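Visitor: Please read through the structure below; I'll follow up with questions.
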Amino acid sequence: MARRQTPTYAWPGHLVRRQTGQRLVYLDLNHWISLAKAATGHRTGGPYQPALTAVRDAASSGLYLFPLSLTHYMEMAGIQDPRQRADIADVMEEVSGFTTLLSRTHIMRLEVEAALDRALDTDSPHLADIELLGHGIGHAMGTRGGLSIRSASGDVTDEARAAWPDGPAAFDLMLANAREQLERSMLRGPTDAEVPDLKANGWDPTAAKRSAENRAESERQLAERLDNDPQYWNRLRDVVQARYMSLEVIDMLTQALLDRGRTLAEVVTGRESIRAFTDCMPSADIHATLTEAAHRNREKAWEPNDIFDIDALSIAVPYCDIVVTERYASHVLHASHLPRWMKTEVVPRLKDLTEWLNRQ
């Protein structure tokens, strides 16, 4: 990969992270699995016991948050063994408390708006502030609301609360417990006994993986075209960024331009403008860097998990304080200087996380 100058990112002002002083720690699923092995006394879990102790201490101190992302929920749905899902979910619940990062799609939209504001010297008062961190899968999906009591006439939560036999406080506790149980169920997934009824009502545990498979197939097709047109290898990042703009960003960009009464021609004037626009969006920079590196590995066989990993890292690295990922992704990111530019620690092992926590 060609050496790049240090980018000046257009950090989205409408993406709000409360100034609590807490550090955000993001763990890839494989590291959550290792912690679960330690927690359950699995025969291979011994080496991860120090990390489990350090993570538990860090979480209980209140100085660190361990948020989940939508990718975690998607990957958990692909684990077929209910017992394994439950073991992992237990550790996730204990450590994260169901704190979640905002969905990648919503973060991308805010980054597009910020990049446009810079390119066009405008602002975006039509946007409301959105919290980076929230509670549960709803926030991870970018949806609002929560558990409520409904009847044919609509939302009757307030009426039910006022009429609750044991009083409003007991109602609040009941609803809070129900919400936590719902979050627990969403993370754990169903037991084998629950699967038939769920499938009969339209539940499809393969939906996320099939979507990722479609995107992986698109990358396989690009790899084939690159093999047939080798002149594009010298412009691979431009190819990756152009595809990112056309496949992932174009609808958001079009709407943002309409909101400003501006046109695409004012932003996209050629290769350099596309490069500058995507490079200034933090999640897009991570996405393009990891995707480009994967394509430069001519032996690479794209799989759905590659899509999950790139999606997760594209929001975790810009917006968390330390990210514990797998070794290859850590190497690619450090070789591209992105952790330094984004002021994020990126490490490949739970042992590295333990050492980092001990230094804080």
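Ordered as shown in the structure tokens, chains take letters A, B, and onward, while each chain numbers its residues from 1 and ligands are numbered from 1 in the order shown.
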With a distance cut-off of 9 Å and only C-alpha atoms, select the neighbouring residues of Trp341 (chain A), excluding the residue or stretch itself and same-chain residues fewer than 6 positions from it, and output the selection as number ranges by chain.
Guide: A: 6-8
Visitor: Tell me, as a ChimeraX atom specification, which residues lie within 12 Å of region 325-334 of chain A, counting only C-alpha atoms; anything in the same chain fewer than 4 positions away does not count.
Guide: /A:1,25-32,285-294,296-297,306,309-310,312-314,316-318,338-353
Visitor: When distances are computed from only C-alpha atoms, which of A:Leu257, A:Ala216, A:Met76, A:Leu264 shows the smallest separation from Ser185 (chain A)?
Guide: A:Met76
Visitor: Residues near Leu102 (chain A), anyone? I mean within 10 Å using only C-alpha atoms, not counting same-chain ones fewer than 4 positions away, as a PyMOL selection string.
Guide: chain A and resi 15+67-70+106-107+130-143+315
Visitor: Please extract the residues of region 8-94 of chain A with a backbone DSSP assignment of strand (DSSP E or B) and present them as an mmCIF file with N, CA and C atoms, in the first residue's frame.
Guide:
data_model
loop_
_atom_site.group_PDB
_atom_site.id
_atom_site.type_symbol
_atom_site.label_atom_id
_atom_site.label_comp_id
_atom_site.auth_asym_id
_atom_site.auth_seq_id
_atom_site.Cartn_x
_atom_site.Cartn_y
_atom_site.Cartn_z
ATOM 1 N N LEU A 15 -22.491 13.134 16.618
ATOM 2 C CA LEU A 15 -22.317 11.854 17.303
ATOM 3 C C LEU A 15 -21.743 12.161 18.680
ATOM 4 N N VAL A 16 -22.535 11.969 19.710
ATOM 5 C CA VAL A 16 -22.210 12.464 21.045
ATOM 6 C C VAL A 16 -21.728 11.320 21.926
ATOM 7 N N ARG A 23 -13.230 4.767 29.750
ATOM 8 C CA ARG A 23 -12.544 4.317 28.546
ATOM 9 C C ARG A 23 -13.365 3.205 27.900
ATOM 10 N N LEU A 24 -13.408 3.206 26.581
ATOM 11 C CA LEU A 24 -14.183 2.211 25.837
ATOM 12 C C LEU A 24 -13.263 1.104 25.340
ATOM 13 N N VAL A 25 -13.605 -0.126 25.677
ATOM 14 C CA VAL A 25 -12.816 -1.297 25.315
ATOM 15 C C VAL A 25 -13.673 -2.186 24.419
ATOM 16 N N TYR A 26 -13.196 -2.423 23.199
ATOM 17 C CA TYR A 26 -13.948 -3.262 22.259
ATOM 18 C C TYR A 26 -13.221 -4.583 22.057
ATOM 19 N N LEU A 27 -13.958 -5.687 22.204
ATOM 20 C CA LEU A 27 -13.406 -7.024 22.020
ATOM 21 C C LEU A 27 -14.074 -7.712 20.838
ATOM 22 N N TYR A 64 -14.258 1.751 33.019
ATOM 23 C CA TYR A 64 -14.171 1.202 31.672
ATOM 24 C C TYR A 64 -15.535 0.663 31.257
ATOM 25 N N LEU A 65 -15.842 0.828 29.986
ATOM 26 C CA LEU A 65 -17.037 0.240 29.401
ATOM 27 C C LEU A 65 -16.610 -0.716 28.295
ATOM 28 N N LEU A 68 -20.884 -3.684 23.255
ATOM 29 C CA LEU A 68 -21.139 -4.628 22.180
ATOM 30 C C LEU A 68 -21.541 -3.850 20.931
#
Visitor: Which neighbours of Ser60 (chain A) fall inside 12 Å, counting only C-alpha atoms, when residues of the same chain fewer than 3 positions from it are skipped, and could you give them as a PDB file with C-alpha atoms, in the first residue's frame?
Guide:
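And here is the file that came out, selection-v4.pdb:
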ATOM      1  CA  GLN A  22     -14.744   6.115  31.055  1.00  0.00           C
ATOM      2  CA  THR A  53      -9.999 -11.237  36.152  1.00  0.00           C
ATOM      3  CA  ALA A  54      -8.596  -7.987  34.726  1.00  0.00           C
ATOM      4  CA  VAL A  55     -11.677  -7.407  32.557  1.00  0.00           C
ATOM      5  CA  ARG A  56     -14.070  -8.082  35.437  1.00  0.00           C
ATOM      6  CA  ASP A  57     -12.143  -5.735  37.707  1.00  0.00           C
ATOM      7  CA  LEU A  63     -13.818   3.373  34.789  1.00  0.00           C
ATOM      8  CA  TYR A  64     -14.171   1.202  31.672  1.00  0.00           C
ATOM      9  CA  LEU A  65     -17.037   0.240  29.401  1.00  0.00           C
ATOM     10  CA  PHE A  66     -17.012  -2.847  27.194  1.00  0.00           C
ATOM     11  CA  GLU A  94     -21.761  -9.394  33.049  1.00  0.00           C
ATOM     12  CA  VAL A  95     -19.026  -7.249  31.521  1.00  0.00           C
ATOM     13  CA  SER A  96     -20.960  -5.035  29.094  1.00  0.00           C
ATOM     14  CA  GLY A  97     -24.232  -4.643  30.961  1.00  0.00           C
TER      15      GLY A  97
END
Visitor: Any idea what's packed within 12 Å of Arg235 (chain A), counting only C-alpha atoms, ignoring anything in its chain fewer than 4 positions away? Could you give it as a list in words?
Guide: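 Skipping anything fewer than 4 positions along the chain leaves Met1, Ala2, Leu226, Asp229, Pro230, Gln231, Val239, Val240, Gln241, Ala242, Arg271, Glu272, Arg275, Glu292, His295 and Arg296 of chain A.
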